[in-house]
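A.B. asks: So I've got this file, entry01.csv, and it contains CSV, C-alpha atoms and all ligand atoms:
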```csv
chain,number,residue,atom,x,y,z
A,8,MET,CA,1.2,-31.6,0.2
A,9,ARG,CA,0.5,-28.3,-1.2
A,10,ASP,CA,-2.8,-27.0,0.1
A,11,ILE,CA,-2.7,-26.2,3.8
A,12,LEU,CA,-5.2,-24.8,6.2
A,13,ILE,CA,-3.6,-22.5,8.8
A,14,CYS,CA,-5.9,-22.2,11.8
A,15,GLY,CA,-4.8,-19.2,13.7
A,16,GLY,CA,-3.0,-17.8,10.7
A,17,ALA,CA,-3.9,-14.2,11.6
A,18,GLY,CA,-1.9,-14.4,14.8
A,19,TYR,CA,1.7,-13.9,15.6
A,20,ILE,CA,3.3,-17.3,14.8
A,21,GLY,CA,0.5,-18.3,12.3
A,22,SER,CA,1.1,-15.2,10.1
A,23,HIS,CA,4.8,-16.0,9.9
A,24,MET,CA,3.8,-19.5,8.9
A,25,ALA,CA,1.6,-18.3,6.1
A,26,GLN,CA,4.4,-16.1,4.8
A,27,TRP,CA,6.9,-19.0,4.8
A,28,ALA,CA,4.4,-21.4,3.3
A,29,ALA,CA,3.4,-19.0,0.4
A,30,ALA,CA,7.1,-18.2,-0.3
A,31,HIS,CA,7.8,-22.0,-0.5
A,32,GLY,CA,5.0,-22.8,-3.0
A,33,TYR,CA,2.1,-23.8,-0.7
A,34,THR,CA,-1.4,-22.7,-1.2
A,35,VAL,CA,-2.6,-21.1,2.0
A,36,THR,CA,-6.0,-20.8,3.5
A,37,VAL,CA,-6.3,-19.1,6.9
A,38,LEU,CA,-9.0,-19.8,9.5
A,39,ASP,CA,-9.1,-17.4,12.4
A,40,ASN,CA,-11.7,-16.0,14.8
A,41,LEU,CA,-9.7,-12.7,14.9
A,42,SER,CA,-10.1,-12.6,18.7
A,43,THR,CA,-6.4,-11.9,19.1
A,44,GLY,CA,-5.2,-12.1,15.4
A,45,HIS,CA,-5.5,-9.4,12.8
A,46,ALA,CA,-7.1,-9.4,9.3
A,47,GLY,CA,-4.2,-7.1,8.3
A,48,ALA,CA,-1.7,-9.9,9.0
A,49,VAL,CA,-3.5,-12.3,6.6
A,50,ARG,CA,-1.6,-11.5,3.4
A,51,TRP,CA,-0.9,-14.8,1.8
A,52,GLY,CA,-4.2,-16.5,1.3
A,53,GLU,CA,-8.0,-16.5,1.8
A,54,LEU,CA,-9.2,-15.6,5.3
A,55,ILE,CA,-12.1,-17.6,6.7
A,56,GLN,CA,-13.4,-15.9,9.9
A,57,ALA,CA,-14.5,-18.8,12.1
A,58,ASP,CA,-14.1,-20.0,15.6
A,59,LEU,CA,-13.1,-23.6,16.5
A,60,LEU,CA,-15.9,-23.7,19.1
A,61,ASP,CA,-18.4,-23.2,16.3
A,62,THR,CA,-18.7,-26.6,14.7
A,63,SER,CA,-21.1,-25.4,12.0
A,64,ALA,CA,-18.7,-22.7,10.9
A,65,LEU,CA,-15.9,-25.3,10.9
A,66,GLU,CA,-18.0,-27.6,8.7
A,67,ARG,CA,-18.6,-24.8,6.3
A,68,ALA,CA,-14.9,-24.0,6.1
A,69,PHE,CA,-14.0,-27.5,5.1
A,70,LYS,CA,-16.9,-28.2,2.8
A,71,GLY,CA,-16.0,-27.8,-0.9
A,72,ARG,CA,-12.3,-27.3,-0.1
A,73,ARG,CA,-9.6,-29.9,-0.1
A,74,PHE,CA,-6.7,-29.5,2.4
A,75,ASP,CA,-3.7,-31.8,2.3
A,76,ALA,CA,-2.8,-30.9,5.9
A,77,VAL,CA,-3.8,-28.5,8.7
A,78,MET,CA,-1.6,-26.4,10.9
A,79,HIS,CA,-3.2,-25.5,14.2
A,80,PHE,CA,-2.1,-22.3,15.9
A,81,CYS,CA,-5.4,-21.3,17.5
A,82,ALA,CA,-5.1,-21.1,21.3
A,83,ARG,CA,-5.3,-19.0,24.3
A,84,SER,CA,-1.6,-18.9,25.3
A,85,LEU,CA,-0.9,-16.6,28.3
A,86,VAL,CA,0.4,-18.5,31.3
A,87,GLY,CA,-0.7,-15.9,33.9
A,88,GLU,CA,-4.2,-15.6,32.4
A,89,SER,CA,-4.6,-19.3,32.3
A,90,VAL,CA,-4.1,-19.5,36.0
A,91,SER,CA,-6.9,-17.0,36.7
A,92,ARG,CA,-9.2,-18.2,33.8
A,93,PRO,CA,-8.7,-21.9,33.5
A,94,TYR,CA,-12.1,-22.8,31.9
A,95,GLU,CA,-11.4,-20.6,28.9
A,96,TYR,CA,-8.1,-22.3,28.4
A,97,TYR,CA,-9.5,-25.8,28.5
A,98,THR,CA,-12.4,-24.9,26.4
A,99,ASN,CA,-10.5,-23.1,23.7
A,100,ASN,CA,-7.4,-25.3,23.6
A,101,VAL,CA,-8.9,-28.8,24.2
A,102,THR,CA,-12.5,-28.5,23.0
A,103,GLY,CA,-11.4,-26.3,20.1
A,104,THR,CA,-8.8,-28.9,19.1
A,105,LEU,CA,-11.3,-31.8,19.4
A,106,ASN,CA,-13.7,-29.9,17.1
A,107,LEU,CA,-11.0,-29.3,14.5
A,108,LEU,CA,-9.9,-33.0,14.7
A,109,GLU,CA,-13.5,-34.3,14.3
A,110,THR,CA,-14.0,-32.0,11.3
A,111,MET,CA,-10.7,-33.1,9.8
A,112,ARG,CA,-11.8,-36.8,10.3
A,113,ARG,CA,-15.1,-36.2,8.6
A,114,HIS,CA,-13.4,-34.6,5.6
A,115,GLU,CA,-10.6,-37.1,5.5
A,116,VAL,CA,-7.8,-34.7,6.2
A,117,SER,CA,-5.2,-36.9,8.0
A,118,LYS,CA,-2.2,-34.7,8.8
A,119,LEU,CA,-1.9,-32.0,11.5
A,120,VAL,CA,0.9,-29.9,12.8
A,121,PHE,CA,0.0,-28.8,16.3
A,122,SER,CA,1.4,-25.8,18.2
A,123,SER,CA,2.5,-27.0,21.6
A,124,THR,CA,4.7,-25.4,24.2
A,125,ALA,CA,7.5,-25.7,26.7
A,126,ALA,CA,4.8,-25.2,29.3
A,127,VAL,CA,3.9,-29.0,29.0
A,128,PHE,CA,7.1,-29.7,31.1
A,129,GLY,CA,6.4,-27.6,34.2
A,130,ASN,CA,9.4,-27.0,36.5
A,131,PRO,CA,12.4,-28.5,34.8
A,132,ILE,CA,14.4,-31.1,36.6
A,133,HIS,CA,17.2,-31.0,34.0
A,134,ASP,CA,19.2,-28.0,32.8
A,135,VAL,CA,18.2,-28.6,29.2
A,136,ILE,CA,14.8,-30.1,28.3
A,137,ASP,CA,14.6,-32.8,25.7
A,138,GLU,CA,11.4,-34.7,24.7
A,139,ASN,CA,11.8,-37.3,27.3
A,140,HIS,CA,11.7,-34.8,30.2
A,141,PRO,CA,8.8,-35.6,32.5
A,142,LYS,CA,5.6,-33.6,31.6
A,143,ALA,CA,4.2,-32.0,34.6
A,144,PRO,CA,2.6,-28.7,33.7
A,145,ILE,CA,2.3,-26.1,36.5
A,146,ASN,CA,-0.4,-24.0,34.8
A,147,PRO,CA,-3.6,-24.6,33.0
A,148,TYR,CA,-2.1,-23.4,29.7
A,149,GLY,CA,0.5,-26.1,29.7
A,150,ALA,CA,-2.0,-28.7,31.0
A,151,SER,CA,-4.4,-27.8,28.1
A,152,LYS,CA,-1.7,-28.3,25.5
A,153,LEU,CA,-0.5,-31.6,27.1
A,154,MET,CA,-4.2,-32.8,27.0
A,155,ALA,CA,-4.4,-31.9,23.3
A,156,GLU,CA,-1.1,-33.8,22.7
A,157,ARG,CA,-2.6,-36.8,24.4
A,158,VAL,CA,-5.7,-36.5,22.1
A,159,LEU,CA,-3.4,-36.6,19.1
A,160,ALA,CA,-1.8,-39.9,20.3
A,161,ASP,CA,-5.3,-41.4,20.7
A,162,ALA,CA,-6.3,-40.1,17.3
A,163,ALA,CA,-3.3,-41.7,15.7
A,164,HIS,CA,-4.4,-45.0,17.1
A,165,ALA,CA,-8.1,-44.7,16.5
A,166,HIS,CA,-8.3,-42.8,13.2
A,167,GLY,CA,-4.8,-43.0,11.7
A,168,LEU,CA,-4.2,-39.3,12.2
A,169,ARG,CA,-0.6,-38.3,11.5
A,170,SER,CA,0.5,-35.4,13.7
A,171,VAL,CA,3.6,-33.5,14.8
A,172,ALA,CA,3.4,-31.4,18.0
A,173,LEU,CA,6.0,-28.7,18.0
A,174,ARG,CA,6.8,-27.5,21.5
A,175,TYR,CA,7.9,-23.9,21.1
A,176,PHE,CA,10.1,-22.4,23.8
A,177,ASN,CA,9.9,-18.5,23.7
A,178,ALA,CA,8.8,-17.3,20.2
A,179,ALA,CA,10.3,-14.0,19.4
A,180,GLY,CA,11.3,-11.6,16.6
A,181,ALA,CA,9.4,-10.4,13.5
A,182,LEU,CA,9.6,-10.0,9.8
A,183,PRO,CA,8.9,-6.3,9.4
A,184,GLU,CA,9.9,-6.4,5.7
A,185,HIS,CA,6.8,-8.6,5.2
A,186,GLY,CA,4.6,-6.5,7.4
A,187,ILE,CA,4.2,-9.0,10.2
A,188,GLY,CA,5.3,-9.2,13.9
A,189,GLU,CA,4.0,-9.6,17.4
A,190,ALA,CA,0.8,-7.4,17.9
A,191,HIS,CA,-1.2,-8.2,21.0
A,192,ALA,CA,-3.8,-5.7,22.3
A,193,CYS,CA,-2.9,-6.9,25.8
A,194,GLU,CA,0.9,-7.4,25.6
A,195,THR,CA,2.4,-9.6,28.4
A,196,HIS,CA,5.5,-10.9,26.7
A,197,LEU,CA,8.9,-9.7,27.8
A,198,ILE,CA,10.6,-8.6,24.5
A,199,PRO,CA,7.7,-6.4,23.2
A,200,ASN,CA,7.3,-4.9,26.7
A,201,VAL,CA,11.0,-4.1,26.9
A,202,LEU,CA,10.9,-2.5,23.4
A,203,ARG,CA,7.7,-0.6,24.1
A,204,SER,CA,9.2,0.9,27.3
A,205,ALA,CA,12.1,2.1,25.2
A,206,LEU,CA,9.7,3.7,22.8
A,207,THR,CA,7.3,5.4,25.3
A,208,ASP,CA,7.6,7.3,28.5
A,209,GLY,CA,5.0,5.0,30.1
A,210,PRO,CA,5.4,3.1,33.3
A,211,ALA,CA,8.7,1.4,33.8
A,212,LEU,CA,9.1,-2.2,32.7
A,213,LYS,CA,8.3,-4.6,35.5
A,214,ILE,CA,10.6,-7.6,36.1
A,215,PHE,CA,8.5,-10.3,37.6
A,216,GLY,CA,10.7,-11.7,40.3
A,217,ASP,CA,14.4,-11.5,41.0
A,218,ASP,CA,14.5,-14.2,43.6
A,219,TYR,CA,14.4,-17.3,41.4
A,220,PRO,CA,17.2,-19.9,41.7
A,221,THR,CA,19.0,-18.6,38.6
A,222,SER,CA,22.4,-16.8,38.2
A,223,ASP,CA,20.9,-13.3,38.6
A,224,GLY,CA,17.6,-14.2,40.2
A,225,THR,CA,15.4,-13.6,37.1
A,226,CYS,CA,13.8,-16.2,34.9
A,227,VAL,CA,15.8,-17.7,32.1
A,228,ARG,CA,14.2,-18.5,28.7
A,229,ASP,CA,15.2,-19.8,25.3
A,230,TYR,CA,14.2,-17.3,22.6
A,231,VAL,CA,13.6,-18.7,19.1
A,232,HIS,CA,12.7,-16.6,16.0
A,233,VAL,CA,9.2,-17.1,14.6
A,234,GLN,CA,10.6,-17.6,11.1
A,235,ASP,CA,12.6,-20.6,12.4
A,236,LEU,CA,9.4,-21.9,13.9
A,237,ALA,CA,7.7,-21.6,10.5
A,238,GLN,CA,10.6,-23.6,8.9
A,239,ALA,CA,10.1,-26.4,11.4
A,240,HIS,CA,6.4,-26.6,10.5
A,241,ALA,CA,7.1,-27.0,6.9
A,242,LEU,CA,9.6,-29.8,7.7
A,243,ALA,CA,7.0,-31.4,9.8
A,244,LEU,CA,4.7,-31.7,6.8
A,245,ASP,CA,7.5,-33.6,4.9
A,246,PHE,CA,8.0,-35.7,8.0
A,247,MET,CA,4.4,-36.7,8.1
A,248,GLY,CA,4.6,-37.8,4.5
A,249,GLU,CA,6.9,-40.5,5.6
A,250,HIS,CA,5.9,-41.3,9.2
A,251,GLU,CA,2.6,-42.5,10.7
A,252,GLY,CA,1.6,-41.8,14.3
A,253,ALA,CA,1.9,-38.8,16.7
A,254,HIS,CA,5.3,-37.2,17.2
A,255,ALA,CA,6.6,-34.3,19.3
A,256,PHE,CA,9.6,-32.1,19.0
A,257,ASN,CA,11.1,-29.3,21.1
A,258,LEU,CA,12.0,-26.1,19.4
A,259,GLY,CA,14.5,-23.7,20.9
A,260,ASN,CA,18.0,-22.4,20.3
A,261,GLY,CA,19.4,-24.3,23.3
A,262,GLN,CA,20.7,-21.1,25.0
A,263,GLY,CA,19.0,-19.5,28.0
A,264,PHE,CA,18.9,-15.7,28.7
A,265,SER,CA,17.7,-14.2,31.9
A,266,VAL,CA,15.3,-11.3,32.0
A,267,HIS,CA,18.2,-9.0,33.0
A,268,GLU,CA,20.2,-10.3,30.0
A,269,VAL,CA,17.4,-9.6,27.6
A,270,ILE,CA,17.0,-6.1,28.9
A,271,ALA,CA,20.7,-5.4,28.6
A,272,ALA,CA,20.8,-6.8,25.0
A,273,ALA,CA,17.8,-4.8,24.1
A,274,ALA,CA,19.3,-1.7,25.6
A,275,SER,CA,22.3,-2.0,23.2
A,276,VAL,CA,19.9,-2.6,20.2
A,277,VAL,CA,17.8,0.5,20.9
A,278,GLY,CA,20.8,2.5,22.1
A,279,LYS,CA,19.5,3.6,25.4
A,280,ALA,CA,19.1,2.3,29.0
A,281,ILE,CA,15.8,0.6,29.7
A,282,PRO,CA,14.5,1.5,33.2
A,283,PHE,CA,12.8,-1.3,35.2
A,284,GLU,CA,11.4,-2.0,38.6
A,285,ILE,CA,11.3,-5.3,40.4
A,286,ALA,CA,7.8,-6.7,40.9
A,287,PRO,CA,6.6,-9.9,42.6
A,288,GLN,CA,6.8,-13.2,40.7
A,289,ARG,CA,4.1,-13.9,38.2
A,290,ALA,CA,2.0,-17.0,38.8
A,291,GLY,CA,2.8,-20.0,36.8
A,292,ASP,CA,6.3,-19.0,35.7
A,293,PRO,CA,9.0,-21.7,35.9
A,294,PRO,CA,12.5,-20.4,36.7
A,295,LYS,CA,14.3,-21.7,33.7
A,296,LEU,CA,13.2,-23.2,30.3
A,297,VAL,CA,15.9,-24.1,27.8
A,298,ALA,CA,15.4,-26.6,25.0
A,299,SER,CA,17.3,-29.4,23.6
A,300,SER,CA,16.3,-29.4,19.9
A,301,SER,CA,18.6,-32.3,18.8
A,302,LYS,CA,15.6,-34.4,17.9
A,303,ALA,CA,14.2,-31.7,15.6
A,304,ARG,CA,17.6,-31.2,14.0
A,305,GLU,CA,18.2,-34.9,13.5
A,306,GLN,CA,14.7,-36.1,12.5
A,307,LEU,CA,13.2,-33.1,10.8
A,308,GLY,CA,16.4,-31.6,9.5
A,309,TRP,CA,15.6,-28.3,11.3
A,310,ARG,CA,18.3,-25.6,10.9
A,311,PRO,CA,17.4,-22.4,12.8
A,312,GLN,CA,18.8,-19.3,11.1
A,313,TRP,CA,18.4,-16.9,13.9
A,314,THR,CA,20.6,-18.4,16.5
A,315,ALA,CA,21.8,-15.3,18.4
A,316,LEU,CA,19.6,-13.0,20.6
A,317,THR,CA,20.7,-9.7,19.2
A,318,PRO,CA,19.4,-10.2,15.6
A,319,ILE,CA,16.1,-11.5,17.0
A,320,LEU,CA,15.8,-8.4,19.1
A,321,GLU,CA,16.8,-6.2,16.1
A,322,SER,CA,14.0,-7.7,14.0
A,323,ALA,CA,11.5,-7.1,16.8
A,324,TRP,CA,12.8,-3.5,17.3
A,325,ARG,CA,12.4,-2.7,13.5
A,326,TRP,CA,8.8,-4.0,13.8
A,327,HIS,CA,7.8,-2.1,17.0
A,328,ARG,CA,9.5,1.1,15.8
A,329,ALA,CA,7.3,1.3,12.6
A,330,PRO,CA,4.2,-0.8,13.2
A,331,PRO,CA,1.5,-1.1,10.5
A,332,SER,CA,-1.8,0.8,10.7
A,333,TRP,CA,-3.7,-2.2,12.0
A,334,PHE,CA,-1.4,-2.5,15.1
A,335,PRO,CA,-3.6,-2.5,18.1
A,336,ASN,CA,-3.8,0.1,20.8
A,337,GLN,CA,-2.1,-1.6,23.7
A,338,ASN,CA,-2.9,-1.7,27.4
A,401,LIG,N1,8.6,-10.9,32.1
A,401,LIG,C1,8.9,-9.8,32.9
A,401,LIG,N2,8.2,-8.6,32.6
A,401,LIG,C2,7.3,-8.5,31.6
A,401,LIG,C3,7.0,-9.7,30.8
A,401,LIG,C4,7.7,-10.9,31.1
A,401,LIG,O1,9.7,-9.9,33.8
A,401,LIG,O2,6.8,-7.4,31.4
A,401,LIG,C5,9.3,-12.2,32.4
A,401,LIG,C6,8.3,-13.3,32.8
A,401,LIG,O3,8.0,-13.4,34.1
A,401,LIG,C7,9.1,-14.5,32.3
A,401,LIG,C8,10.0,-14.0,31.2
A,401,LIG,O4,9.9,-12.6,31.3
A,401,LIG,O5,10.0,-14.9,33.3
A,401,LIG,C9,9.4,-14.4,29.8
A,401,LIG,O6,8.0,-14.1,29.8
A,401,LIG,P1,7.1,-14.0,28.5
A,401,LIG,O7,5.8,-13.6,29.0
A,401,LIG,O8,7.8,-13.3,27.4
A,401,LIG,O9,7.0,-15.5,28.1
A,401,LIG,P2,6.7,-16.8,29.0
A,401,LIG,O10,8.0,-17.4,29.4
A,401,LIG,O11,5.7,-16.6,30.0
A,401,LIG,O12,6.0,-17.7,27.9
A,401,LIG,C10,6.7,-18.7,27.3
A,401,LIG,C11,5.9,-19.1,26.0
A,401,LIG,C12,4.7,-20.0,26.5
A,401,LIG,C13,5.2,-21.0,27.4
A,401,LIG,C14,5.8,-20.4,28.6
A,401,LIG,C15,6.2,-21.5,29.6
A,401,LIG,O13,5.4,-18.0,25.3
A,401,LIG,O14,4.2,-20.6,25.3
A,401,LIG,O15,6.9,-19.7,28.2
A,401,LIG,O16,6.2,-20.9,30.9
A,401,LIG,F1,4.1,-21.7,27.9
```
Show how you would write the structure in this file as structure tokens.
Ligand code: UFG
C.D. replies:
Amino acid sequence: MRDILICGGAGYIGSHMAQWAAAHGYTVTVLDNLSTGHAGAVRWGELIQADLLDTSALERAFKGRRFDAVMHFCARSLVGESVSRPYEYYTNNVTGTLNLLETMRRHEVSKLVFSSTAAVFGNPIHDVIDENHPKAPINPYGASKLMAERVLADAAHAHGLRSVALRYFNAAGALPEHGIGEAHACETHLIPNVLRSALTDGPALKIFGDDYPTSDGTCVRDYVHVQDLAQAHALALDFMGEHEGAHAFNLGNGQGFSVHEVIAAAASVVGKAIPFEIAPQRAGDPPKLVASSSKAREQLGWRPQWTALTPILESAWRWHRAPPSWFPNQN
């Protein structure tokens, strides 16, 4: 399996996938509508600019090319935005996936690695979330990803599609030495916001809620480096070579950090205090999401390399301190 199509390969996680794949001998083609991704982040293969909602463009992308497998990172992925704009989330994340799957079926591409999310679980009822945890999403983003996972199970049965859904917890970090990192025009994620407030004299960082049922009242998340996510996707390709059907794995480091703990760790990385103010809770945020990734370790052989928070933050800090020319103006 050497020729892979990376849908969403101009985005944050997809570009790290392309770097990993090229470094490990795969031939990479990127398909991306560049709505949130960046042409400047496509450095390891041809870029086809196309939208998964445009079935003719998808057909053109597959015609005359031969892919051994597809990795599907294209999605709207902001929890808060999904609550206020659900139609966009279902259209992009479910219809877009269906269009891709149908095009793959027509072109006899039978292996897919799918970007899923911890948001499929909703409010956790166990301290650590394994794959058997009930799936009860509390926002349209998580619901759209769970629907797509269901489609993959049906596609395995009906069309023999082999798939692996990887449920990321909180993707973080960067590979500044390869010119890639997190670069959203509208940045909502905690770590980039914390680092940006250390770099600018703009408005203080907002902590969305300090009245959650956690040790310090702020939300707890499990931060996993994007390069480790990329490693898991490559292992998923090997796994699909040997296993039929639709499979799902959780990916996290198994350790939770509160918003306060992230801010404190970031302050020591950047060498100065990071001012913040307490704001109301953000819609759709569960109090705590921490992964059990035992299944990925045992069945995929996943061995994350970035297991501590500080190096993850340091990589993100190096990226944000010296971003490339294509880095977007943020609001
Ligand atoms: N947060 C702040 N201030 C900010 C940004 C974030 O307090 O400026 C808080 C959030 O409220 C949350 C935590 O920091 O409690 C982490 O927020 P992020 O936006 O960085 O990430 P999310 O936890 O919202 O998103 C992640 C994944 C999604 C997944 C979601 C599940 O990126 O794929 O968890 O809720 F769906």
A.B. asks: Produce a table with one row for each residue of segment 87-132 of chain A that has an atom at most 10 Å from any atom of segment 151-160 of chain A, each row naming the nearest atom pair and its distance in Å at one decimal; use all atoms listed in the file; arrange rows by chain and rising residue number; format as JSON lines.
C.D. replies:
```
{"residue": "A:Ser89", "atom": "CA", "partner": "A:Ser151", "partner_atom": "CA", "distance": 9.5}
{"residue": "A:Pro93", "atom": "CA", "partner": "A:Ser151", "partner_atom": "CA", "distance": 9.1}
{"residue": "A:Tyr94", "atom": "CA", "partner": "A:Ser151", "partner_atom": "CA", "distance": 9.9}
{"residue": "A:Tyr96", "atom": "CA", "partner": "A:Ser151", "partner_atom": "CA", "distance": 6.6}
{"residue": "A:Tyr97", "atom": "CA", "partner": "A:Ser151", "partner_atom": "CA", "distance": 5.5}
{"residue": "A:Thr98", "atom": "CA", "partner": "A:Ser151", "partner_atom": "CA", "distance": 8.7}
{"residue": "A:Asn99", "atom": "CA", "partner": "A:Ser151", "partner_atom": "CA", "distance": 8.9}
{"residue": "A:Asn100", "atom": "CA", "partner": "A:Ser151", "partner_atom": "CA", "distance": 6.0}
{"residue": "A:Val101", "atom": "CA", "partner": "A:Ala155", "partner_atom": "CA", "distance": 5.5}
{"residue": "A:Thr102", "atom": "CA", "partner": "A:Ala155", "partner_atom": "CA", "distance": 8.8}
{"residue": "A:Gly103", "atom": "CA", "partner": "A:Ala155", "partner_atom": "CA", "distance": 9.5}
{"residue": "A:Thr104", "atom": "CA", "partner": "A:Ala155", "partner_atom": "CA", "distance": 6.8}
{"residue": "A:Leu105", "atom": "CA", "partner": "A:Val158", "partner_atom": "CA", "distance": 7.8}
{"residue": "A:Leu108", "atom": "CA", "partner": "A:Leu159", "partner_atom": "CA", "distance": 8.6}
{"residue": "A:Leu119", "atom": "CA", "partner": "A:Leu159", "partner_atom": "CA", "distance": 9.0}
{"residue": "A:Phe121", "atom": "CA", "partner": "A:Glu156", "partner_atom": "CA", "distance": 8.2}
{"residue": "A:Ser122", "atom": "CA", "partner": "A:Lys152", "partner_atom": "CA", "distance": 8.3}
{"residue": "A:Ser123", "atom": "CA", "partner": "A:Lys152", "partner_atom": "CA", "distance": 5.9}
{"residue": "A:Thr124", "atom": "CA", "partner": "A:Lys152", "partner_atom": "CA", "distance": 7.1}
{"residue": "A:Ala125", "atom": "CA", "partner": "A:Lys152", "partner_atom": "CA", "distance": 9.6}
{"residue": "A:Ala126", "atom": "CA", "partner": "A:Lys152", "partner_atom": "CA", "distance": 8.1}
{"residue": "A:Val127", "atom": "CA", "partner": "A:Leu153", "partner_atom": "CA", "distance": 5.5}
{"residue": "A:Phe128", "atom": "CA", "partner": "A:Leu153", "partner_atom": "CA", "distance": 8.8}
```
A.B. asks: At a cut-off of 6 Å and counting only C-alpha atoms and all ligand atoms, what residues surround ligand LIG 401 (chain A)? Please answer as a PDB file with C-alpha atoms, in the coordinates of the input.
C.D. replies:
```
ATOM      1  CA  VAL A  86       0.400 -18.500  31.300  1.00  0.00           C
ATOM      2  CA  THR A 124       4.700 -25.400  24.200  1.00  0.00           C
ATOM      3  CA  ALA A 125       7.500 -25.700  26.700  1.00  0.00           C
ATOM      4  CA  ALA A 126       4.800 -25.200  29.300  1.00  0.00           C
ATOM      5  CA  GLY A 149       0.500 -26.100  29.700  1.00  0.00           C
ATOM      6  CA  PHE A 176      10.100 -22.400  23.800  1.00  0.00           C
ATOM      7  CA  ASN A 177       9.900 -18.500  23.700  1.00  0.00           C
ATOM      8  CA  THR A 195       2.400  -9.600  28.400  1.00  0.00           C
ATOM      9  CA  HIS A 196       5.500 -10.900  26.700  1.00  0.00           C
ATOM     10  CA  LEU A 197       8.900  -9.700  27.800  1.00  0.00           C
ATOM     11  CA  ASN A 200       7.300  -4.900  26.700  1.00  0.00           C
ATOM     12  CA  LEU A 212       9.100  -2.200  32.700  1.00  0.00           C
ATOM     13  CA  LYS A 213       8.300  -4.600  35.500  1.00  0.00           C
ATOM     14  CA  ILE A 214      10.600  -7.600  36.100  1.00  0.00           C
ATOM     15  CA  PHE A 215       8.500 -10.300  37.600  1.00  0.00           C
ATOM     16  CA  CYS A 226      13.800 -16.200  34.900  1.00  0.00           C
ATOM     17  CA  VAL A 266      15.300 -11.300  32.000  1.00  0.00           C
ATOM     18  CA  ARG A 289       4.100 -13.900  38.200  1.00  0.00           C
ATOM     19  CA  ASP A 292       6.300 -19.000  35.700  1.00  0.00           C
ATOM     20  CA  PRO A 293       9.000 -21.700  35.900  1.00  0.00           C
TER      21      PRO A 293
END
```
A.B. asks: Could you please determine the separation between atom CA of His114 of chain A and atom CA of Glu66 of chain A in Å, to one decimal place?
C.D. replies: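 Atom-to-atom, atom CA of His114 of chain A and atom CA of Glu66 of chain A are spaced 8.9 Å apart.
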A.B. asks: For a quick check of understanding, using only C-alpha atoms, which of A:Ile11, A:Ile270, A:Leu182, A:Ala290 has the smallest distance to Asp235 of chain A?
C.D. replies: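 So, comparing all the options, the nearest one is A:Leu182.
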A.B. asks: Tell me which of A:Leu41, A:Ala48, A:Leu244, A:Ala76 sits closest to Ile13 of chain A, counting all atoms listed in the file.
C.D. replies: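 When distances to Ile13 of chain A are compared using all atoms listed in the file, the smallest one comes from A:Ala76.
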A.B. asks: Place a sphere of radius 12 Å on (-7.5, -9.1, 10.9) in the file coordinates and name every protein, DNA or RNA residue with an atom inside or on its surface, counting only C-alpha atoms; give the answer as a ChimeraX atom specification.
C.D. replies: /A:15-19,22,37-50,53-56,187,190-191,332-335
A.B. asks: Would you mind telling me which residue in A:Asp217, A:Ile198, A:Glu184, A:Leu206 lies nearest to Pro287 of chain A when using only C-alpha atoms?
C.D. replies: A:Asp217
A.B. asks: Of the residues A:Val201, A:Ala274, A:Ile136, A:Ala211, which is the one nearest to Asn260 of chain A, using all atoms listed in the file?
C.D. replies: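 Ranked by minimum distance to Asn260 of chain A, first place goes to A:Ile136.
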A.B. asks: Atom CA of Ser275 of chain A to atom CA of Leu202 of chain A: how many Å, to one decimal?
C.D. replies: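 We find that atom CA of Ser275 of chain A and atom CA of Leu202 of chain A lie 11.4 Å from each other.
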A.B. asks: Considering only C-alpha atoms, state which residue in the set A:Glu189, A:Asp161, A:Glu284, A:Asp75 is at the smallest distance from His23 of chain A.
C.D. replies: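 Among the listed residues, the smallest separation from His23 of chain A belongs to A:Glu189.
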